[in-house]
Amino acid sequence: RSPSDLSHRYRSRRDRTVSDVSPSGASFGDVVVAPRETYAAGQRVTVVFVGAHPGNELHRGGTYLEVQRREVEGWRTIRDDGDWETRFVWKRAHKGESEVTISWDIPQDVTGGWYRIRYHGETKGDCGVLHTFTGNSPQFDVSAHPA
């Protein structure tokens, strides 16, 4: 006996999510919960952004987040979502609205300086068209000495 043809049940990944909506007065990538002004080695930085469903674009070969350190030449990425010290958590806040929480466990051997968290996402509108956006946290100072 041949297996049943279930191809009529298949939906593409983009068809599985509802359209993304930002809260009134906010834009995708806006910071909802900002980091503190200062941190020390061994502490956790947490930032919450106005987000979008991560299944809109899977970022294969890319990243949803970056931890960046300010250097003379500009911002340099030192961690992304492939590192054990980072976490990316998506949740549906209200119908169509999402929040993304990004955290970074600061390693004991961190280089002191100014840092920020970046979030990369794609929104899906009513017609299924994707729009790319990026959000940046306010910068924060990290001390290389444990708290």
# chains A, B, ... in the order shown; residues from 1 in each chain; ligands from 1
>>> residues_around(residues="Ile78 (chain A)", least_positions_apart="5", cutoff="10 Å", atoms="only C-alpha atoms", output="mmCIF file with N, CA and C atoms, in the first residue's frame")
data_model
loop_
_atom_site.group_PDB
_atom_site.id
_atom_site.type_symbol
_atom_site.label_atom_id
_atom_site.label_comp_id
_atom_site.auth_asym_id
_atom_site.auth_seq_id
_atom_site.Cartn_x
_atom_site.Cartn_y
_atom_site.Cartn_z
ATOM 1 N N GLU A 66 23.298 40.791 17.943
ATOM 2 C CA GLU A 66 24.733 41.055 18.047
ATOM 3 C C GLU A 66 25.001 41.767 19.368
ATOM 4 N N VAL A 67 26.077 41.389 20.023
ATOM 5 C CA VAL A 67 26.628 42.162 21.132
ATOM 6 C C VAL A 67 27.823 42.890 20.537
ATOM 7 N N GLN A 68 27.813 44.218 20.648
ATOM 8 C CA GLN A 68 28.866 45.006 20.019
ATOM 9 C C GLN A 68 29.605 45.855 21.044
ATOM 10 N N ARG A 69 30.931 45.996 20.827
ATOM 11 C CA ARG A 69 31.774 46.844 21.658
ATOM 12 C C ARG A 69 32.203 48.052 20.824
ATOM 13 N N ASP A 83 26.558 32.166 20.079
ATOM 14 C CA ASP A 83 27.397 32.062 21.269
ATOM 15 C C ASP A 83 26.576 31.641 22.485
ATOM 16 N N TYR A 115 29.307 49.084 25.348
ATOM 17 C CA TYR A 115 28.678 48.019 24.577
ATOM 18 C C TYR A 115 27.249 48.405 24.220
#
>>> residues_around(residues="region 92-95 of chain A", least_positions_apart="6", cutoff="10 Å", atoms="only C-alpha atoms", output="list in words")
Val18, Ser19, Asp20, Val21, Ser22, Pro23, Val50, Gly51, Ala52 and His53 of chain A
>>> write_last_selection(atoms="C-alpha atoms", output="PDB file, in the first residue's frame")
ATOM      1  CA  VAL A  18      -0.026  36.144  11.321  1.00  0.00           C
ATOM      2  CA  SER A  19       0.923  39.630  10.198  1.00  0.00           C
ATOM      3  CA  ASP A  20       3.191  41.498  12.587  1.00  0.00           C
ATOM      4  CA  VAL A  21       1.877  44.624  14.290  1.00  0.00           C
ATOM      5  CA  SER A  22       3.811  47.138  16.370  1.00  0.00           C
ATOM      6  CA  PRO A  23       2.180  48.641  19.477  1.00  0.00           C
ATOM      7  CA  VAL A  50       9.398  45.540  19.926  1.00  0.00           C
ATOM      8  CA  GLY A  51       9.779  42.450  17.781  1.00  0.00           C
ATOM      9  CA  ALA A  52       8.424  40.358  14.976  1.00  0.00           C
ATOM     10  CA  HIS A  53       7.908  36.617  14.543  1.00  0.00           C
TER      11      HIS A  53
END
>>> atom_distance(atom1="CA of His145 (chain A)", atom2="CA of Val45 (chain A)")
15.4 Å
>>> residues_around(residues="region 71-74 of chain A", least_positions_apart="4", cutoff="12 Å", atoms="only C-alpha atoms", output="ChimeraX atom specification")
/A:78,111-116
>>> write_last_selection(atoms="N, CA, C and O atoms", output="PDB file, in the first residue's frame")
ATOM      1  N   ILE A  78      31.141  41.292  18.894  1.00  0.00           N
ATOM      2  CA  ILE A  78      31.960  40.342  19.645  1.00  0.00           C
ATOM      3  C   ILE A  78      31.210  39.049  19.974  1.00  0.00           C
ATOM      4  O   ILE A  78      31.828  38.044  20.311  1.00  0.00           O
ATOM      5  N   THR A 111      36.516  42.412  28.055  1.00  0.00           N
ATOM      6  CA  THR A 111      37.268  43.658  27.898  1.00  0.00           C
ATOM      7  C   THR A 111      36.337  44.798  28.295  1.00  0.00           C
ATOM      8  O   THR A 111      35.226  44.906  27.767  1.00  0.00           O
ATOM      9  N   GLY A 112      36.764  45.615  29.229  1.00  0.00           N
ATOM     10  CA  GLY A 112      35.935  46.737  29.661  1.00  0.00           C
ATOM     11  C   GLY A 112      35.688  47.716  28.528  1.00  0.00           C
ATOM     12  O   GLY A 112      36.472  47.808  27.580  1.00  0.00           O
ATOM     13  N   GLY A 113      34.588  48.442  28.617  1.00  0.00           N
ATOM     14  CA  GLY A 113      34.282  49.447  27.607  1.00  0.00           C
ATOM     15  C   GLY A 113      32.795  49.651  27.435  1.00  0.00           C
ATOM     16  O   GLY A 113      31.980  49.193  28.242  1.00  0.00           O
ATOM     17  N   TRP A 114      32.444  50.330  26.353  1.00  0.00           N
ATOM     18  CA  TRP A 114      31.049  50.624  26.030  1.00  0.00           C
ATOM     19  C   TRP A 114      30.517  49.564  25.071  1.00  0.00           C
ATOM     20  O   TRP A 114      31.173  49.215  24.094  1.00  0.00           O
ATOM     21  N   TYR A 115      29.307  49.084  25.348  1.00  0.00           N
ATOM     22  CA  TYR A 115      28.678  48.019  24.577  1.00  0.00           C
ATOM     23  C   TYR A 115      27.249  48.405  24.220  1.00  0.00           C
ATOM     24  O   TYR A 115      26.665  49.321  24.805  1.00  0.00           O
ATOM     25  N   ARG A 116      26.693  47.660  23.264  1.00  0.00           N
ATOM     26  CA  ARG A 116      25.269  47.759  22.936  1.00  0.00           C
ATOM     27  C   ARG A 116      24.802  46.412  22.397  1.00  0.00           C
ATOM     28  O   ARG A 116      25.599  45.572  21.991  1.00  0.00           O
TER      29      ARG A 116
END
>>> closest_residue(among="A:Lys91, A:Arg44, A:His131, A:Arg79", to="Ala147 (chain A)", atoms="only C-alpha atoms")
A:Arg44
>>> closest_atom_pairs(of="region 55-94 of chain A", to="region 122-128 of chain A", cutoff="10 Å", atoms="only C-alpha atoms", output="Markdown table")
| residue | atom | partner | partner_atom | distance |
| --- | --- | --- | --- | --- |
| A:Gly55 | CA | A:Glu122 | CA | 9.0 |
| A:Asn56 | CA | A:Glu122 | CA | 6.3 |
| A:Glu57 | CA | A:Glu122 | CA | 6.5 |
| A:Leu58 | CA | A:Glu122 | CA | 9.5 |
| A:His59 | CA | A:Glu122 | CA | 9.8 |
| A:Tyr64 | CA | A:Glu122 | CA | 9.8 |
>>> atom_distance(atom1="CA of Ala40 (chain A)", atom2="CA of Gln108 (chain A)")
8.6 Å
>>> atom_distance(atom1="CA of Thr132 (chain A)", atom2="CA of Pro54 (chain A)")
11.6 Å
>>> residues_around(residues="Ile106 (chain A)", least_positions_apart="6", cutoff="7 Å", atoms="only C-alpha atoms", output="ChimeraX atom specification")
/A:41-44
>>> decode(residues="region 58-73 of chain A", atoms="all heavy atoms", output="tab-separated table (two decimals), in the first residue's frame")
chain	number	residue	atom	x	y	z
A	58	LEU	N	14.48	33.00	8.65
A	58	LEU	CA	15.22	32.16	9.59
A	58	LEU	C	16.67	32.57	9.82
A	58	LEU	O	17.34	32.01	10.68
A	58	LEU	CB	15.14	30.70	9.16
A	58	LEU	CG	13.73	30.12	9.16
A	58	LEU	CD1	13.76	28.67	8.74
A	58	LEU	CD2	13.08	30.28	10.53
A	59	HIS	N	17.19	33.50	9.10
A	59	HIS	CA	18.54	34.03	9.29
A	59	HIS	C	19.61	32.95	9.19
A	59	HIS	O	20.62	33.01	9.89
A	59	HIS	CB	18.66	34.76	10.64
A	59	HIS	CG	17.86	36.01	10.69
A	59	HIS	ND1	18.28	37.12	11.37
A	59	HIS	CD2	16.66	36.36	10.16
A	59	HIS	CE1	17.39	38.09	11.26
A	59	HIS	NE2	16.39	37.64	10.53
A	60	ARG	N	19.39	31.97	8.35
A	60	ARG	CA	20.43	30.96	8.12
A	60	ARG	C	21.66	31.66	7.56
A	60	ARG	O	21.58	32.39	6.59
A	60	ARG	CB	19.94	29.89	7.16
A	60	ARG	CG	18.89	29.01	7.79
A	60	ARG	CD	18.57	27.83	6.88
A	60	ARG	NE	17.66	26.93	7.54
A	60	ARG	CZ	16.36	26.83	7.27
A	60	ARG	NH1	15.84	27.58	6.33
A	60	ARG	NH2	15.61	25.98	7.93
A	61	GLY	N	22.79	31.45	8.20
A	61	GLY	CA	24.01	32.13	7.79
A	61	GLY	C	24.09	33.56	8.30
A	61	GLY	O	25.05	34.27	8.04
A	62	GLY	N	23.09	33.99	9.04
A	62	GLY	CA	23.06	35.34	9.62
A	62	GLY	C	22.82	35.25	11.11
A	62	GLY	O	23.11	34.23	11.73
A	63	THR	N	22.27	36.30	11.68
A	63	THR	CA	22.03	36.32	13.12
A	63	THR	C	20.83	37.18	13.46
A	63	THR	O	20.51	38.12	12.73
A	63	THR	CB	23.29	36.80	13.88
A	63	THR	OG1	23.08	36.67	15.28
A	63	THR	CG2	23.62	38.25	13.56
A	64	TYR	N	20.18	36.86	14.57
A	64	TYR	CA	19.09	37.69	15.09
A	64	TYR	C	19.62	38.77	16.03
A	64	TYR	O	18.94	39.75	16.28
A	64	TYR	CB	18.09	36.84	15.88
A	64	TYR	CG	17.24	35.94	15.02
A	64	TYR	CD1	17.52	34.58	14.93
A	64	TYR	CD2	16.15	36.43	14.33
A	64	TYR	CE1	16.73	33.74	14.16
A	64	TYR	CE2	15.36	35.60	13.56
A	64	TYR	CZ	15.66	34.25	13.47
A	64	TYR	OH	14.89	33.42	12.72
A	65	LEU	N	20.82	38.56	16.58
A	65	LEU	CA	21.33	39.50	17.57
A	65	LEU	C	22.84	39.66	17.46
A	65	LEU	O	23.53	38.78	16.96
A	65	LEU	CB	20.96	39.05	18.99
A	65	LEU	CG	21.66	37.80	19.53
A	65	LEU	CD1	22.91	38.16	20.30
A	65	LEU	CD2	20.71	37.01	20.41
A	66	GLU	N	23.30	40.79	17.94
A	66	GLU	CA	24.73	41.06	18.05
A	66	GLU	C	25.00	41.77	19.37
A	66	GLU	O	24.22	42.63	19.77
A	66	GLU	CB	25.22	41.97	16.92
A	66	GLU	CG	25.11	41.40	15.53
A	66	GLU	CD	25.48	42.42	14.49
A	66	GLU	OE1	26.68	42.53	14.17
A	66	GLU	OE2	24.57	43.13	14.01
A	67	VAL	N	26.08	41.39	20.02
A	67	VAL	CA	26.63	42.16	21.13
A	67	VAL	C	27.82	42.89	20.54
A	67	VAL	O	28.71	42.26	19.96
A	67	VAL	CB	27.07	41.25	22.31
A	67	VAL	CG1	27.70	42.10	23.41
A	67	VAL	CG2	25.89	40.44	22.83
A	68	GLN	N	27.81	44.22	20.65
A	68	GLN	CA	28.87	45.01	20.02
A	68	GLN	C	29.61	45.85	21.04
A	68	GLN	O	29.00	46.36	21.99
A	68	GLN	CB	28.28	45.92	18.95
A	68	GLN	CG	27.67	45.18	17.79
A	68	GLN	CD	27.21	46.11	16.70
A	68	GLN	OE1	26.66	47.18	16.96
A	68	GLN	NE2	27.43	45.72	15.45
A	69	ARG	N	30.93	46.00	20.83
A	69	ARG	CA	31.77	46.84	21.66
A	69	ARG	C	32.20	48.05	20.82
A	69	ARG	O	32.59	47.91	19.66
A	69	ARG	CB	33.00	46.08	22.16
A	69	ARG	CG	33.88	46.90	23.09
A	69	ARG	CD	35.06	46.13	23.68
A	69	ARG	NE	35.91	45.60	22.63
A	69	ARG	CZ	36.19	44.30	22.46
A	69	ARG	NH1	35.66	43.40	23.25
A	69	ARG	NH2	36.99	43.92	21.50
A	70	ARG	N	32.17	49.22	21.43
A	70	ARG	CA	32.59	50.44	20.74
A	70	ARG	C	34.10	50.51	20.71
A	70	ARG	O	34.76	50.39	21.74
A	70	ARG	CB	32.01	51.68	21.40
A	70	ARG	CG	32.20	52.94	20.55
A	70	ARG	CD	31.47	54.11	21.11
A	70	ARG	NE	32.13	54.52	22.35
A	70	ARG	CZ	31.65	55.42	23.19
A	70	ARG	NH1	30.48	55.97	22.97
A	70	ARG	NH2	32.31	55.75	24.28
A	71	GLU	N	34.64	50.68	19.52
A	71	GLU	CA	36.08	50.83	19.34
A	71	GLU	C	36.34	52.11	18.57
A	71	GLU	O	35.39	52.76	18.11
A	71	GLU	CB	36.64	49.61	18.60
A	71	GLU	CG	36.45	48.32	19.39
A	71	GLU	CD	37.10	47.11	18.76
A	71	GLU	OE1	37.51	47.19	17.59
A	71	GLU	OE2	37.18	46.09	19.45
A	72	VAL	N	37.59	52.48	18.41
A	72	VAL	CA	37.95	53.72	17.72
A	72	VAL	C	37.34	53.76	16.32
A	72	VAL	O	36.83	54.78	15.87
A	72	VAL	CB	39.49	53.88	17.66
A	72	VAL	CG1	39.87	55.09	16.84
A	72	VAL	CG2	40.07	53.96	19.06
A	73	GLU	N	37.36	52.63	15.62
A	73	GLU	CA	36.87	52.55	14.24
A	73	GLU	C	35.35	52.48	14.16
A	73	GLU	O	34.77	52.56	13.08
A	73	GLU	CB	37.43	51.31	13.53
A	73	GLU	CG	38.93	51.18	13.55
A	73	GLU	CD	39.45	50.57	14.86
A	73	GLU	OE1	38.73	49.80	15.52
A	73	GLU	OE2	40.59	50.91	15.23
